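Structure record follows, encoded as structure tokens.
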Amino acid sequence: MPDPQFFVVAGLAVLVGALVQSCVGLGQGMVAAPVLIVVEPSMMPGGLLVANASMAMLTVTTDWRHIDWRGLGWALPARVVGSVGGAWVVAVLEPTVLGAAVGVMVLLAVAASLWGDVRVGIRPGTLVTAGTLSGVTGTATTIGGPPMALLYQHEPASRVRATLGAYFFIGTVLSLVVLAGAGELTVPQVQSGLLLFPCVLAGFALGRPTRRRFGTDGLRTPLLAVVSLSGILLLGRALL
């Protein structure tokens, strides 16, 4: 089990990440993952995935009315397949290599989205693609939100947050099950993730008043900003 200093540093990172995710729909993994990798890499990815699951659960319990269940019906089965691939990456390959590739793809997707306002339709094919890629990167690096976030960027803010929350909760639980089955999830990781829950709850609560500033069309810019930072962090992690 990590020392108290770990929980101070990691707790602050998780709190800030939960605040961002409460407002935008994703961001906890993006903010907290680089910190945990530096201060206690043995807690990755399992410890942060447990904390991410609790954040997503809070979102679902408050915003479940706005979930796009049809979209999840296509994306979640694909996430299962991707999670198996992600567990293999954790066991065999260097996850940062995968992260670098995904980081480049995310940044290119953001650029394409901004240049000429390119729109990718929310269809079975795109949902399966996003779900598979998200499963791989979410399991291997704990940052699996960008593919789905890019797909839903033009949807109303409430639908984005609720759908991503449900997707993250179910998908993260699946990732944890797959990691456990592959022997890559340890008891200390689970304990650490559970002990970080008060920080998750605090960040979620702090973000609730702020999110009211985003209207139906006001979420796209901060959403793309967070997605872009995710891509930069994935790429930077590999380079450093």
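Identifiers in this document derive from the order of the structure tokens: chains are assigned A, B, ..., residues are numbered from 1 separately in each chain, and ligands are numbered from 1 in order of occurrence.
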Between segment 167-240 of chain A and segment 28-46 of chain A, at 10 Å or less, what are the per-residue closest atom pairs and their distances in Å? Count only C-alpha atoms, order by chain and rising residue number, and return it as a tab-separated table.
residue	atom	partner	partner_atom	distance
A:Thr172	CA	A:Gly46	CA	9.8
A:Ser175	CA	A:Gly46	CA	8.9
A:Leu176	CA	A:Gly46	CA	6.8
A:Leu179	CA	A:Gly46	CA	7.8
A:Ala180	CA	A:Gly46	CA	9.0
A:Glu184	CA	A:Gly46	CA	7.9
A:Leu185	CA	A:Gly46	CA	5.7
A:Thr186	CA	A:Gly46	CA	7.4
A:Val187	CA	A:Gly46	CA	9.2
A:Pro188	CA	A:Met43	CA	7.5
A:Gln189	CA	A:Met43	CA	5.1
A:Val190	CA	A:Gly46	CA	6.5
A:Gln191	CA	A:Gly46	CA	9.8
A:Ser192	CA	A:Met43	CA	7.5
A:Gly193	CA	A:Gly46	CA	7.7
A:Val200	CA	A:Gln28	CA	8.9
A:Gly203	CA	A:Gln28	CA	9.6
A:Val226	CA	A:Met30	CA	8.2
A:Val227	CA	A:Met30	CA	8.7
A:Leu229	CA	A:Met30	CA	7.7
A:Ser230	CA	A:Met30	CA	5.5
A:Gly231	CA	A:Met30	CA	9.0
A:Ile232	CA	A:Met30	CA	9.9
A:Leu233	CA	A:Met30	CA	7.5
A:Leu234	CA	A:Met30	CA	8.7
A:Gly236	CA	A:Pro34	CA	9.9
A:Arg237	CA	A:Pro34	CA	7.7
Quick one: residues within 10 Å of Pro147 of chain A, only C-alpha atoms, excluding same-chain residues fewer than 6 positions away - as a list in words?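 Residues meeting the cut-off are Val102, Met105, Val106, Ala109, Thr126, Leu127, Thr129, Ala130, Gly131, Thr132, Leu133, Ser134, Gly135, Thr137 and Val227 of chain A.
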Selection to disk with all heavy atoms, as a short mmCIF file (atom, residue, chain, number, x, y, z; two decimals), in the first residue's frame:
data_model
loop_
_atom_site.label_atom_id
_atom_site.label_comp_id
_atom_site.auth_asym_id
_atom_site.auth_seq_id
_atom_site.Cartn_x
_atom_site.Cartn_y
_atom_site.Cartn_z
N VAL A 102 -2.19 6.63 -30.27
CA VAL A 102 -3.54 7.14 -30.05
C VAL A 102 -3.52 8.66 -29.89
O VAL A 102 -4.40 9.36 -30.39
CB VAL A 102 -4.18 6.48 -28.81
CG1 VAL A 102 -5.53 7.12 -28.49
CG2 VAL A 102 -4.36 4.99 -29.05
N MET A 105 -3.45 10.22 -33.25
CA MET A 105 -4.74 10.07 -33.92
C MET A 105 -5.78 11.02 -33.32
O MET A 105 -6.60 11.60 -34.04
CB MET A 105 -5.22 8.62 -33.82
CG MET A 105 -4.46 7.66 -34.72
SD MET A 105 -5.19 6.01 -34.78
CE MET A 105 -4.81 5.41 -33.14
N VAL A 106 -5.74 11.18 -32.01
CA VAL A 106 -6.69 12.08 -31.35
C VAL A 106 -6.47 13.52 -31.81
O VAL A 106 -7.43 14.24 -32.15
CB VAL A 106 -6.55 11.99 -29.82
CG1 VAL A 106 -7.25 13.16 -29.13
CG2 VAL A 106 -7.15 10.67 -29.33
N ALA A 109 -7.71 13.96 -35.26
CA ALA A 109 -9.17 13.98 -35.30
C ALA A 109 -9.71 15.33 -34.83
O ALA A 109 -10.68 15.85 -35.39
CB ALA A 109 -9.72 12.86 -34.42
N THR A 126 -19.34 3.79 -36.67
CA THR A 126 -18.48 4.72 -35.94
C THR A 126 -18.50 4.42 -34.45
O THR A 126 -17.50 4.59 -33.76
CB THR A 126 -18.92 6.18 -36.18
OG1 THR A 126 -20.31 6.34 -35.81
CG2 THR A 126 -18.76 6.55 -37.64
N LEU A 127 -19.64 3.98 -33.93
CA LEU A 127 -19.74 3.63 -32.51
C LEU A 127 -18.88 2.41 -32.19
O LEU A 127 -18.20 2.36 -31.16
CB LEU A 127 -21.19 3.36 -32.14
CG LEU A 127 -22.09 4.59 -32.01
CD1 LEU A 127 -23.55 4.19 -32.07
CD2 LEU A 127 -21.80 5.35 -30.73
N THR A 129 -16.22 1.41 -33.88
CA THR A 129 -14.81 1.82 -34.00
C THR A 129 -14.35 2.58 -32.76
O THR A 129 -13.28 2.29 -32.19
CB THR A 129 -14.61 2.70 -35.24
OG1 THR A 129 -15.00 1.96 -36.41
CG2 THR A 129 -13.16 3.13 -35.37
N ALA A 130 -15.15 3.56 -32.34
CA ALA A 130 -14.80 4.35 -31.16
C ALA A 130 -14.77 3.49 -29.90
O ALA A 130 -13.88 3.64 -29.06
CB ALA A 130 -15.79 5.50 -30.98
N GLY A 131 -15.73 2.57 -29.78
CA GLY A 131 -15.78 1.71 -28.61
C GLY A 131 -14.58 0.78 -28.52
O GLY A 131 -14.01 0.58 -27.44
N THR A 132 -14.17 0.23 -29.65
CA THR A 132 -13.00 -0.67 -29.66
C THR A 132 -11.74 0.07 -29.29
O THR A 132 -10.96 -0.38 -28.42
CB THR A 132 -12.84 -1.31 -31.05
OG1 THR A 132 -14.03 -2.01 -31.41
CG2 THR A 132 -11.67 -2.28 -31.05
N LEU A 133 -11.51 1.20 -29.93
CA LEU A 133 -10.30 1.98 -29.65
C LEU A 133 -10.28 2.46 -28.20
O LEU A 133 -9.25 2.42 -27.53
CB LEU A 133 -10.22 3.16 -30.60
CG LEU A 133 -8.97 4.04 -30.52
CD1 LEU A 133 -7.70 3.21 -30.73
CD2 LEU A 133 -9.04 5.17 -31.53
N SER A 134 -11.44 2.89 -27.72
CA SER A 134 -11.54 3.36 -26.34
C SER A 134 -11.26 2.23 -25.35
O SER A 134 -10.64 2.45 -24.31
CB SER A 134 -12.93 3.94 -26.09
OG SER A 134 -13.07 4.36 -24.77
N GLY A 135 -11.72 1.03 -25.67
CA GLY A 135 -11.46 -0.11 -24.80
C GLY A 135 -9.99 -0.43 -24.68
O GLY A 135 -9.49 -0.72 -23.59
N THR A 137 -7.31 1.65 -25.28
CA THR A 137 -6.55 2.71 -24.60
C THR A 137 -7.01 2.90 -23.16
O THR A 137 -6.20 3.22 -22.28
CB THR A 137 -6.67 4.04 -25.36
OG1 THR A 137 -8.06 4.43 -25.43
CG2 THR A 137 -6.12 3.91 -26.75
N VAL A 227 -10.06 16.95 -24.82
CA VAL A 227 -9.64 15.85 -25.69
C VAL A 227 -8.25 16.11 -26.26
O VAL A 227 -7.41 15.21 -26.33
CB VAL A 227 -10.67 15.65 -26.83
CG1 VAL A 227 -10.12 14.71 -27.89
CG2 VAL A 227 -11.97 15.09 -26.27
#
As an exercise, work out the distance from atom CA of Gln153 of chain A to atom CA of Leu224 of chain A in Å and give it to one decimal place.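 Interatomic distance, atom CA of Gln153 of chain A to atom CA of Leu224 of chain A: 7.6 Å.
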Rank A:Pro198, A:Gly86, A:Pro77, A:Gly181 by their smallest atom-to-atom distance to Thr142 of chain A, using only C-alpha atoms, and report the top residue only.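 Comparing A:Pro198, A:Gly86, A:Pro77, A:Gly181 against Thr142 of chain A, the winner is A:Gly86.
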Can you pull out every residue within 9 Å of Ala91 of chain A, counting only C-alpha atoms, but drop anything in the same chain fewer than 3 positions away, and send it as a list of chain:residue names?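 These residues fall inside the cut-off: A:Gly86, A:Ala87, A:Trp88, A:Glu94, A:Ala182, A:Gly183, A:Glu184.
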Find, counting only C-alpha atoms, the residue in A:Ala205, A:Val81, A:Val24, A:Ile122 that gets nearest to Tyr152 of chain A.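 Answer, going by the shortest atom-to-atom distance: A:Ile122.
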Would you please extract all helix (DSSP H, G or I) residues from segment 12-231 of chain A, as assigned by DSSP on the backbone, and give them as a ChimeraX atom specification? /A:12-24,28-39,41-43,46-66,69-92,95-114,124-141,146-151,157-181,187-195,197-211,220-231
Find the residues around His66 of chain A up to 8 Å (only C-alpha atoms counted), leave out those fewer than 5 positions away in its own chain, and share them as a PyMOL selection string. chain A and resi 158-159+162-163
Contact residues around Phe197 of chain A with only C-alpha atoms at 9 Å, ignoring same-chain residues under 6 positions, as a list in words: Gly11, Val14, Val50, Ala51, Ser54 and Met55 of chain A
